[in-house]
$ cat entry_35.cif   # mmCIF, C-alpha atoms
data_data
#
loop_
_atom_site.label_atom_id
_atom_site.label_comp_id
_atom_site.auth_asym_id
_atom_site.auth_seq_id
_atom_site.Cartn_x
_atom_site.Cartn_y
_atom_site.Cartn_z
CA MET A 511 -10.55 -5.34 -10.07
CA ASN A 512 -7.92 -6.23 -7.47
CA ASN A 513 -8.95 -7.42 -4.02
CA LEU A 514 -8.18 -5.19 -1.05
CA SER A 515 -5.18 -6.51 0.85
CA LEU A 516 -5.63 -4.46 4.03
CA THR A 517 -6.34 -5.86 7.45
CA GLN A 518 -9.42 -4.63 9.33
CA ALA A 519 -7.26 -2.52 11.67
CA GLU A 520 -5.45 -0.88 8.74
CA LEU A 521 -8.73 -0.10 6.99
CA GLN A 522 -10.23 1.40 10.15
CA ARG A 523 -7.12 3.56 10.63
CA LEU A 524 -7.41 4.85 7.07
CA LEU A 525 -11.10 5.69 7.48
CA LYS A 526 -10.36 7.64 10.65
CA VAL A 527 -7.56 9.61 8.99
CA TYR A 528 -9.80 10.33 6.00
CA PHE A 529 -12.66 11.55 8.23
CA TRP A 530 -10.55 13.85 10.40
CA LEU A 531 -8.60 15.24 7.45
CA ALA A 532 -11.80 15.98 5.52
CA ALA A 533 -13.46 17.51 8.60
CA GLY A 534 -10.44 19.72 9.37
CA LEU A 535 -10.20 20.90 5.78
CA ALA A 536 -13.94 21.67 5.69
CA VAL A 537 -13.67 23.83 8.83
CA LEU A 538 -10.65 25.66 7.38
CA LEU A 539 -12.43 26.34 4.09
CA TYR A 540 -15.52 27.55 5.95
CA PHE A 541 -13.53 30.19 7.84
CA LEU A 542 -11.74 31.21 4.65
CA HIS A 543 -15.15 31.93 3.08
CA LEU A 544 -16.36 34.12 5.96
CA PRO A 545 -14.94 37.42 4.61
CA PHE A 546 -16.97 37.01 1.40
CA ASP A 547 -20.28 37.16 3.28
CA TYR A 548 -21.85 34.16 1.52
CA PRO A 549 -25.04 32.58 2.94
CA VAL A 550 -24.19 30.22 5.77
CA LEU A 551 -25.66 27.11 4.11
CA ALA A 552 -23.90 27.88 0.83
CA MET A 553 -20.57 28.32 2.63
CA ALA A 554 -21.04 25.09 4.58
CA TRP A 555 -22.01 23.09 1.48
CA ARG A 556 -19.13 24.46 -0.58
CA SER A 557 -16.64 23.80 2.22
CA VAL A 558 -17.76 20.19 2.67
CA THR A 559 -17.81 19.35 -1.05
CA TYR A 560 -14.42 20.96 -1.68
CA SER A 561 -12.88 19.20 1.32
CA LEU A 562 -14.21 15.79 0.27
CA ALA A 563 -12.95 16.23 -3.29
CA SER A 564 -9.53 17.43 -2.14
CA THR A 565 -9.14 14.68 0.46
CA THR A 566 -10.15 12.00 -2.05
CA LEU A 567 -7.62 13.31 -4.59
CA LEU A 568 -4.92 13.46 -1.93
CA PHE A 569 -5.64 9.90 -0.78
CA GLY A 570 -5.70 8.63 -4.36
CA THR A 571 -2.23 10.02 -4.96
CA PHE A 572 -0.99 8.64 -1.66
CA PHE A 573 -2.35 5.13 -2.29
CA ARG A 574 -0.65 4.85 -5.67
CA LEU A 575 2.60 6.77 -5.29
CA ALA A 576 3.61 8.58 -2.12
CA TRP A 577 3.40 5.66 0.33
CA ARG A 578 6.16 3.83 -1.61
CA SER A 579 8.70 6.16 -0.07
CA PRO A 580 10.63 3.90 2.37
CA ARG A 581 10.29 6.46 5.15
CA ILE A 582 6.51 6.83 4.71
CA ALA A 583 6.08 3.06 4.35
CA ARG A 584 7.83 2.50 7.68
CA TRP A 585 5.67 5.17 9.32
CA MET A 586 2.51 3.51 7.96
CA ARG A 587 3.84 0.04 8.85
CA ARG A 588 3.10 -1.16 5.32
CA PRO A 589 6.11 -3.05 3.83
CA ILE A 590 6.92 -2.51 0.16
CA VAL A 591 6.90 -5.63 -2.04
CA HIS A 592 6.28 -3.76 -5.30
CA GLY A 593 8.82 -4.64 -7.98
CA VAL A 594 10.37 -7.27 -10.20
CA TRP A 595 11.80 -10.28 -8.34
CA ARG A 596 14.08 -12.93 -9.85
CA GLY A 597 15.09 -16.27 -8.43
CA LYS A 598 14.75 -20.04 -8.41
CA LEU A 599 11.81 -22.39 -8.04
CA ARG A 600 12.68 -25.83 -6.67
CA SER A 601 9.87 -28.30 -7.35
CA ASP A 602 9.31 -31.96 -6.48
CA PHE A 603 7.66 -32.38 -9.91
CA SER A 604 9.48 -35.05 -11.96
CA ARG A 605 9.00 -35.83 -15.61
CA SER A 606 9.73 -39.52 -15.19
CA ASP A 607 8.74 -40.65 -11.70
CA ASN A 608 8.06 -39.33 -8.26
CA ASN A 609 11.48 -40.42 -7.02
CA GLY A 610 13.47 -38.23 -9.41
CA PRO A 611 15.48 -35.20 -8.32
CA SER A 612 13.78 -31.89 -7.69
CA LEU A 613 13.61 -29.49 -10.61
CA GLU A 614 15.26 -26.08 -10.27
CA ILE A 615 13.70 -23.50 -12.58
CA PRO A 616 14.49 -19.78 -13.06
CA ILE A 617 11.38 -17.74 -12.24
CA ILE A 618 10.31 -14.11 -12.26
CA PHE A 619 7.68 -12.50 -10.02
CA VAL A 620 6.19 -9.13 -10.97
CA VAL A 621 4.44 -7.67 -7.92
CA ARG A 622 2.34 -4.56 -8.47
CA GLN A 623 1.33 -2.90 -5.22
CA THR A 624 -0.63 0.11 -4.11
CA TYR A 625 -1.43 0.86 -0.49
CA LEU A 626 -4.77 -0.93 -0.93
CA THR A 627 -4.02 -3.74 -3.37
CA ILE A 628 -1.44 -6.29 -4.51
CA SER A 629 -1.27 -8.34 -7.70
CA ILE A 630 1.32 -10.98 -8.65
CA GLU A 631 2.36 -12.36 -12.02
CA SER A 632 4.86 -15.20 -12.35
CA PHE A 633 6.92 -16.12 -15.42
CA THR A 634 9.14 -19.03 -16.38
CA LYS A 635 10.25 -20.02 -19.88
CA PHE A 636 7.31 -22.39 -20.25
CA GLN A 637 4.69 -21.21 -17.77
CA GLU A 638 2.84 -18.04 -16.80
CA GLY A 639 0.57 -17.48 -13.82
CA GLU A 640 -1.31 -14.81 -11.93
CA SER A 641 -2.62 -14.41 -8.42
CA LYS A 642 -6.34 -14.51 -7.65
CA LEU A 643 -6.14 -13.60 -3.96
CA GLU A 644 -3.33 -11.86 -2.08
CA ALA A 645 -2.53 -10.83 1.49
CA LEU A 646 0.39 -9.13 3.19
CA ILE A 647 0.45 -10.48 6.73
CA GLN A 648 2.57 -9.04 9.54
CA ASN A 649 3.29 -10.59 12.92
CA LYS A 650 3.50 -7.74 15.44
CA ARG A 651 5.37 -9.87 17.97
CA THR A 652 8.16 -11.02 15.63
CA GLU A 653 7.89 -8.21 13.04
CA ALA A 654 7.93 -10.90 10.32
CA THR A 655 6.11 -10.09 7.08
CA ARG A 656 4.70 -12.75 4.75
CA LEU A 657 3.23 -12.42 1.28
CA CYS A 658 0.49 -15.03 0.91
CA TYR A 659 -1.37 -15.68 -2.33
CA VAL A 660 -3.62 -18.05 -4.26
CA PHE A 661 -2.66 -18.43 -7.91
CA GLU A 662 -3.71 -19.98 -11.21
CA LEU A 663 -1.42 -20.94 -14.09
CA ARG A 664 -2.64 -19.80 -17.49
CA ARG A 665 -0.76 -22.44 -19.41
CA GLN A 666 -0.96 -26.16 -18.83
CA TYR A 667 1.92 -28.38 -17.86
CA GLN A 668 3.23 -30.48 -20.72
CA GLY A 669 1.34 -33.76 -20.90
CA GLU A 670 -1.59 -32.47 -18.84
CA LYS A 671 -4.93 -31.11 -19.95
CA LYS A 672 -6.10 -29.21 -16.90
CA LEU A 673 -5.44 -25.85 -15.34
CA THR A 674 -3.16 -25.72 -12.34
CA SER A 675 -3.97 -23.73 -9.22
CA GLY A 676 -2.28 -23.45 -5.87
CA ALA A 677 -1.09 -21.26 -3.03
CA GLY A 678 2.16 -19.79 -1.82
CA GLU A 679 3.66 -18.15 1.25
CA LEU A 680 6.81 -16.03 1.01
CA LYS A 681 8.64 -14.34 3.86
CA LEU A 682 10.15 -10.88 3.29
CA ILE A 683 13.77 -10.97 4.48
CA ASP A 684 17.18 -9.29 4.14
CA ASN A 685 15.99 -5.69 4.59
CA ALA A 686 13.00 -6.27 2.27
CA LYS A 687 15.27 -7.25 -0.65
CA ARG A 688 14.50 -11.00 -0.76
CA LEU A 689 11.46 -13.29 -0.63
CA ARG A 690 11.73 -16.90 0.50
CA GLY A 691 9.09 -19.54 1.11
CA HIS A 692 6.99 -22.41 -0.20
CA TYR A 693 4.19 -23.15 -2.64
CA TRP A 694 1.68 -25.93 -3.19
CA THR A 695 -0.44 -26.90 -6.21
CA ASN A 696 -3.37 -29.20 -6.94
CA THR A 697 -1.40 -31.40 -9.38
CA PRO A 698 -0.19 -32.23 -6.61
CA THR A 699 3.29 -30.74 -6.43
CA ASN A 700 5.05 -28.45 -3.98
CA GLY A 701 8.37 -26.76 -3.63
CA ASP A 702 10.45 -23.80 -2.50
CA LEU A 703 10.90 -20.31 -3.88
CA GLU A 704 13.69 -17.84 -3.30
CA LEU A 705 13.59 -14.46 -5.03
CA GLU A 706 15.73 -11.33 -5.05
CA LEU A 707 14.52 -7.83 -5.89
CA ILE A 708 16.05 -6.58 -9.16
CA SER A 709 13.91 -3.48 -9.82
CA ARG A 710 11.10 -1.41 -8.32
CA ASP A 711 9.93 -0.51 -11.84
CA CYS A 712 7.36 -3.00 -13.20
CA GLU A 713 6.48 -0.96 -16.27
CA GLY A 714 6.51 -3.09 -19.42
CA VAL A 715 7.60 -6.32 -17.69
CA ASP A 716 5.05 -8.74 -19.13
CA CYS A 717 7.03 -11.90 -19.93
CA PHE A 718 10.08 -13.92 -18.86
CA GLU A 719 12.33 -12.59 -21.65
CA VAL A 720 11.69 -8.93 -20.79
CA ALA A 721 12.45 -9.57 -17.12
CA GLU A 722 15.69 -11.40 -17.98
CA ARG A 723 16.74 -8.48 -20.16
CA LEU A 724 16.02 -6.12 -17.26
CA PHE A 725 18.16 -8.31 -14.98
CA THR A 726 21.05 -8.31 -17.46
CA GLU A 727 20.91 -4.52 -17.73
CA SER A 728 20.85 -4.14 -13.95
CA GLN A 729 23.95 -6.35 -13.66
CA ARG A 730 25.81 -4.22 -16.18
CA GLY A 731 24.83 -1.06 -14.31
#

$ encode --input "entry_35.cif" --output "structure tokens"
Amino acid sequence: MNNLSLTQAELQRLLKVYFWLAAGLAVLLYFLHLPFDYPVLAMAWRSVTYSLASTTLLFGTFFRLAWRSPRIARWMRRPIVHGVWRGKLRSDFSRSDNNGPSLEIPIIFVVRQTYLTISIESFTKFQEGESKLEALIQNKRTEATRLCYVFELRRQYQGEKKLTSGAGELKLIDNAKRLRGHYWTNTPTNGDLELELISRDCEGVDCFEVAERLFTESQRG
């Protein structure tokens, strides 16, 4: 199960909207039942249960699909990071010594987002990873948005026999079409990441080769 990535204020706002929408719908349904001359308690119970079910269904659809509309996302102040991102990872990791040049590696991020949750997978030719904790943080004063995450690499680095974990912080820039920032690991290594959005469709993108094929097709189009 994914962790919730909402702030306390965002969660409180959602709960308030849910309550007032359910209450308003229950009142409407109650008055619609009046002409049928049902018992008062039966009408009240039916109105409340129907309103809760309808509101829950409506919210479920909104959380997964509707909020991704750019206009709705701006209204809800919830930036969209969902999609396939391609770019470069520049690492201070050196195969020979610590004084060697930084490595530059092609990397793919697959970010799956609902209104409530975010998950991140990363792919290179030799390494795959996934996020364990995610947060989308916005600065109201500067309007800057940062995607912060804690990750674990499934595969081991060549020559090492331990799992690698770390953290990253990426800033959403260029009209929400690019991510740029830094990462740190426990090996210890660190470096920079710069990614560009290539598709909003994450369906079926489960490895580096599939993502590269998607990128090639997008360039042809």

$ closest_atom_pairs --input "entry_35.cif" --of "region 530-608 of chain A" --to "region 619-634 of chain A" --cutoff "6 Å" --atoms "only C-alpha atoms" --output "JSON lines"
{"residue": "A:Phe573", "atom": "CA", "partner": "A:Tyr625", "partner_atom": "CA", "distance": 4.7}
{"residue": "A:Arg574", "atom": "CA", "partner": "A:Thr624", "partner_atom": "CA", "distance": 5.0}
{"residue": "A:His592", "atom": "CA", "partner": "A:Gln623", "partner_atom": "CA", "distance": 5.0}
{"residue": "A:Gly593", "atom": "CA", "partner": "A:Val621", "partner_atom": "CA", "distance": 5.3}
{"residue": "A:Val594", "atom": "CA", "partner": "A:Val620", "partner_atom": "CA", "distance": 4.6}
{"residue": "A:Trp595", "atom": "CA", "partner": "A:Phe619", "partner_atom": "CA", "distance": 5.0}

$ resolve_selection --input "entry_35.cif" --expression "the PyMOL selection byres ((chain A and resi 656) around 10)" --output "PDB file with C-alpha atoms, in the frame of the given file"
ATOM      1  CA  PRO A 589       6.110  -3.050   3.830  1.00  0.00           C
ATOM      2  CA  ALA A 645      -2.530 -10.830   1.490  1.00  0.00           C
ATOM      3  CA  LEU A 646       0.390  -9.130   3.190  1.00  0.00           C
ATOM      4  CA  ILE A 647       0.450 -10.480   6.730  1.00  0.00           C
ATOM      5  CA  GLN A 648       2.570  -9.040   9.540  1.00  0.00           C
ATOM      6  CA  ASN A 649       3.290 -10.590  12.920  1.00  0.00           C
ATOM      7  CA  GLU A 653       7.890  -8.210  13.040  1.00  0.00           C
ATOM      8  CA  ALA A 654       7.930 -10.900  10.320  1.00  0.00           C
ATOM      9  CA  THR A 655       6.110 -10.090   7.080  1.00  0.00           C
ATOM     10  CA  LEU A 657       3.230 -12.420   1.280  1.00  0.00           C
ATOM     11  CA  CYS A 658       0.490 -15.030   0.910  1.00  0.00           C
ATOM     12  CA  TYR A 659      -1.370 -15.680  -2.330  1.00  0.00           C
ATOM     13  CA  GLY A 678       2.160 -19.790  -1.820  1.00  0.00           C
ATOM     14  CA  GLU A 679       3.660 -18.150   1.250  1.00  0.00           C
ATOM     15  CA  LEU A 680       6.810 -16.030   1.010  1.00  0.00           C
ATOM     16  CA  LYS A 681       8.640 -14.340   3.860  1.00  0.00           C
ATOM     17  CA  LEU A 682      10.150 -10.880   3.290  1.00  0.00           C
ATOM     18  CA  ILE A 683      13.770 -10.970   4.480  1.00  0.00           C
ATOM     19  CA  LEU A 689      11.460 -13.290  -0.630  1.00  0.00           C
ATOM     20  CA  ARG A 690      11.730 -16.900   0.500  1.00  0.00           C
ATOM     21  CA  GLY A 691       9.090 -19.540   1.110  1.00  0.00           C
TER      22      GLY A 691
END

$ resolve_selection --input "entry_35.cif" --expression "the PyMOL selection byres ((chain A and resi 715-718) around 7)" --output "PyMOL selection string"
chain A and resi 618+633-635+712-714+719-722

$ axis_aligned_box --input "entry_35.cif" --around "region 682-695 of chain A" --padding-each-side "4 Å" --output "AutoDock Vina command-line options"
--center_x 8.4 --center_y -16.3 --center_z -0.8 --size_x 25.6 --size_y 29.2 --size_z 18.8

$ atom_distance --input "entry_35.cif" --atom1 "CA of Leu567 (chain A)" --atom2 "CA of Gly534 (chain A)"
15.6 Å

$ atom_distance --input "entry_35.cif" --atom1 "CA of Trp585 (chain A)" --atom2 "CA of Thr565 (chain A)"
19.7 Å
